[in-house]
Amino acid sequence: MVLHKQFQDLVLFLYVHMALCDGSMHENEEIVILDKMTKLFPSEGDPKKKLNAAVAEYKTVESALVNTVIRDSFKFFDHVKFAQKYKIYSDMYDIVNADGRVEESERTALNALKNIIDMDAEIRHT
């Protein structure tokens, strides 16, 4: 299940996923995401509006399907280099640490993302 045609939109989806996986988006998580969005979407006139739209989109996906969306999306964007995918993974730490604590649900989400990236790398190298 692929929701995004542009890799940047998938990255924003992942940012939102990390922020919301503990049940809510902390103000500091939002600040970090908005800062990262300036690099992802340099010509975006209203990043807050785009973030709100991404949050609304994320909330339409059943929680049981989120990892399927992420896995399928990484397969779809197979042209994106492994190093770039790992950079995104490391960006997730900034988001989950933004509120000063890492919840178990955030650790679980990070581990799931790492496993998806690693599985994608294995598929491409075989």
# chains A, B, ... in the order shown; residues from 1 in each chain; ligands from 1
>>> residues_around(residues="Lys59 (chain A)", least_positions_apart="4", cutoff="12 Å", atoms="only C-alpha atoms", output="number ranges by chain")
A: 13, 16-17, 20-21, 23-24, 52-55, 63-66
>>> select_by_dssp(residues="chain A", states="helix (DSSP H, G or I)", output="mmCIF file with C-alpha atoms, in the first residue's frame")
data_model
loop_
_atom_site.group_PDB
_atom_site.id
_atom_site.type_symbol
_atom_site.label_atom_id
_atom_site.label_comp_id
_atom_site.auth_asym_id
_atom_site.auth_seq_id
_atom_site.Cartn_x
_atom_site.Cartn_y
_atom_site.Cartn_z
ATOM 1 C CA PHE A 7 9.741 10.532 -1.495
ATOM 2 C CA GLN A 8 9.642 13.778 0.510
ATOM 3 C CA ASP A 9 5.970 13.142 1.282
ATOM 4 C CA LEU A 10 6.846 9.686 2.599
ATOM 5 C CA VAL A 11 9.537 11.231 4.785
ATOM 6 C CA LEU A 12 6.993 13.671 6.214
ATOM 7 C CA PHE A 13 4.641 10.718 6.834
ATOM 8 C CA LEU A 14 7.473 9.021 8.763
ATOM 9 C CA TYR A 15 8.115 12.178 10.789
ATOM 10 C CA VAL A 16 4.425 12.331 11.701
ATOM 11 C CA HIS A 17 4.443 8.618 12.539
ATOM 12 C CA MET A 18 7.329 9.089 14.960
ATOM 13 C CA ALA A 19 5.680 12.080 16.588
ATOM 14 C CA LEU A 20 2.276 10.422 16.983
ATOM 15 C CA GLU A 27 5.064 20.902 20.845
ATOM 16 C CA ASN A 28 8.827 20.305 20.632
ATOM 17 C CA GLU A 29 8.313 17.425 18.209
ATOM 18 C CA GLU A 30 6.305 19.744 15.985
ATOM 19 C CA ILE A 31 9.065 22.361 16.118
ATOM 20 C CA VAL A 32 11.675 19.776 15.092
ATOM 21 C CA ILE A 33 9.489 18.504 12.239
ATOM 22 C CA LEU A 34 8.784 22.022 10.956
ATOM 23 C CA ASP A 35 12.517 22.720 10.991
ATOM 24 C CA LYS A 36 13.244 19.533 9.019
ATOM 25 C CA MET A 37 10.477 20.412 6.579
ATOM 26 C CA THR A 38 12.358 23.558 5.498
ATOM 27 C CA LYS A 39 15.006 21.241 4.030
ATOM 28 C CA LEU A 40 12.520 18.708 2.652
ATOM 29 C CA PRO A 47 4.812 24.334 6.215
ATOM 30 C CA LYS A 48 2.398 24.299 9.176
ATOM 31 C CA LYS A 49 -0.543 23.768 6.810
ATOM 32 C CA LYS A 50 1.348 20.972 5.027
ATOM 33 C CA LEU A 51 2.174 19.356 8.367
ATOM 34 C CA ASN A 52 -1.465 19.548 9.456
ATOM 35 C CA ALA A 53 -2.487 17.881 6.176
ATOM 36 C CA ALA A 54 0.111 15.144 6.736
ATOM 37 C CA VAL A 55 -1.202 14.563 10.268
ATOM 38 C CA ALA A 56 -4.758 14.320 8.924
ATOM 39 C CA GLU A 57 -3.614 11.860 6.247
ATOM 40 C CA TYR A 58 -1.720 9.782 8.804
ATOM 41 C CA LYS A 59 -4.779 9.540 11.028
ATOM 42 C CA THR A 60 -6.783 8.024 8.153
ATOM 43 C CA SER A 63 -2.563 1.733 12.901
ATOM 44 C CA ALA A 64 -2.246 -1.950 11.980
ATOM 45 C CA LEU A 65 -1.424 -0.930 8.385
ATOM 46 C CA VAL A 66 1.183 1.772 9.064
ATOM 47 C CA ASN A 67 4.179 -0.587 8.873
ATOM 48 C CA THR A 68 2.779 -2.088 5.667
ATOM 49 C CA VAL A 69 2.534 1.399 4.158
ATOM 50 C CA ILE A 70 6.115 2.135 5.201
ATOM 51 C CA ARG A 71 7.461 -1.209 3.933
ATOM 52 C CA ASP A 72 5.646 -0.964 0.601
ATOM 53 C CA SER A 73 6.727 2.646 0.192
ATOM 54 C CA PHE A 74 10.404 1.830 0.700
ATOM 55 C CA LYS A 75 10.059 -0.864 -1.970
ATOM 56 C CA PHE A 76 8.332 1.631 -4.269
ATOM 57 C CA PHE A 82 20.455 3.291 1.359
ATOM 58 C CA ALA A 83 22.510 6.095 2.982
ATOM 59 C CA GLN A 84 19.649 8.548 2.475
ATOM 60 C CA LYS A 85 17.207 6.105 4.069
ATOM 61 C CA TYR A 86 19.464 5.756 7.074
ATOM 62 C CA LYS A 87 19.748 9.540 7.317
ATOM 63 C CA ILE A 88 15.963 9.628 7.630
ATOM 64 C CA TYR A 89 16.165 6.949 10.296
ATOM 65 C CA SER A 90 18.644 9.065 12.249
ATOM 66 C CA ASP A 91 16.355 12.108 11.839
ATOM 67 C CA MET A 92 13.697 10.129 13.691
ATOM 68 C CA TYR A 93 15.860 10.244 16.812
ATOM 69 C CA ASP A 94 15.663 14.036 16.761
ATOM 70 C CA ILE A 95 11.888 13.803 16.696
ATOM 71 C CA VAL A 96 11.435 11.164 19.399
ATOM 72 C CA ASN A 97 13.941 12.909 21.672
ATOM 73 C CA GLU A 104 8.351 2.431 24.580
ATOM 74 C CA SER A 105 6.002 2.997 21.632
ATOM 75 C CA GLU A 106 8.611 5.283 20.055
ATOM 76 C CA ARG A 107 11.355 2.681 20.548
ATOM 77 C CA THR A 108 9.100 0.091 18.945
ATOM 78 C CA ALA A 109 8.395 2.375 15.969
ATOM 79 C CA LEU A 110 12.109 3.131 15.516
ATOM 80 C CA ASN A 111 12.993 -0.563 15.606
ATOM 81 C CA ALA A 112 10.267 -1.374 13.083
ATOM 82 C CA LEU A 113 11.580 1.331 10.746
ATOM 83 C CA LYS A 114 15.146 0.057 11.118
ATOM 84 C CA ASN A 115 14.001 -3.481 10.314
ATOM 85 C CA ILE A 116 12.150 -2.273 7.227
ATOM 86 C CA ILE A 117 15.207 -0.364 5.993
ATOM 87 C CA ASP A 118 17.477 -3.336 6.686
ATOM 88 C CA MET A 119 15.103 -5.756 4.909
ATOM 89 C CA ASP A 120 14.986 -3.419 1.935
ATOM 90 C CA ALA A 121 18.797 -3.371 1.829
ATOM 91 C CA GLU A 122 18.949 -7.165 1.943
ATOM 92 C CA ILE A 123 16.444 -7.472 -0.915
ATOM 93 C CA ARG A 124 18.440 -5.056 -3.076
ATOM 94 C CA HIS A 125 21.755 -6.834 -2.425
#
>>> closest_residue(among="A:Asp46, A:His26, A:Val61, A:Asp78", to="Asp99 (chain A)", atoms="only C-alpha atoms")
A:His26
>>> atom_distance(atom1="CA of Glu62 (chain A)", atom2="CA of Glu44 (chain A)")
27.9 Å
>>> atom_distance(atom1="CA of Met25 (chain A)", atom2="CA of Arg101 (chain A)")
12.8 Å
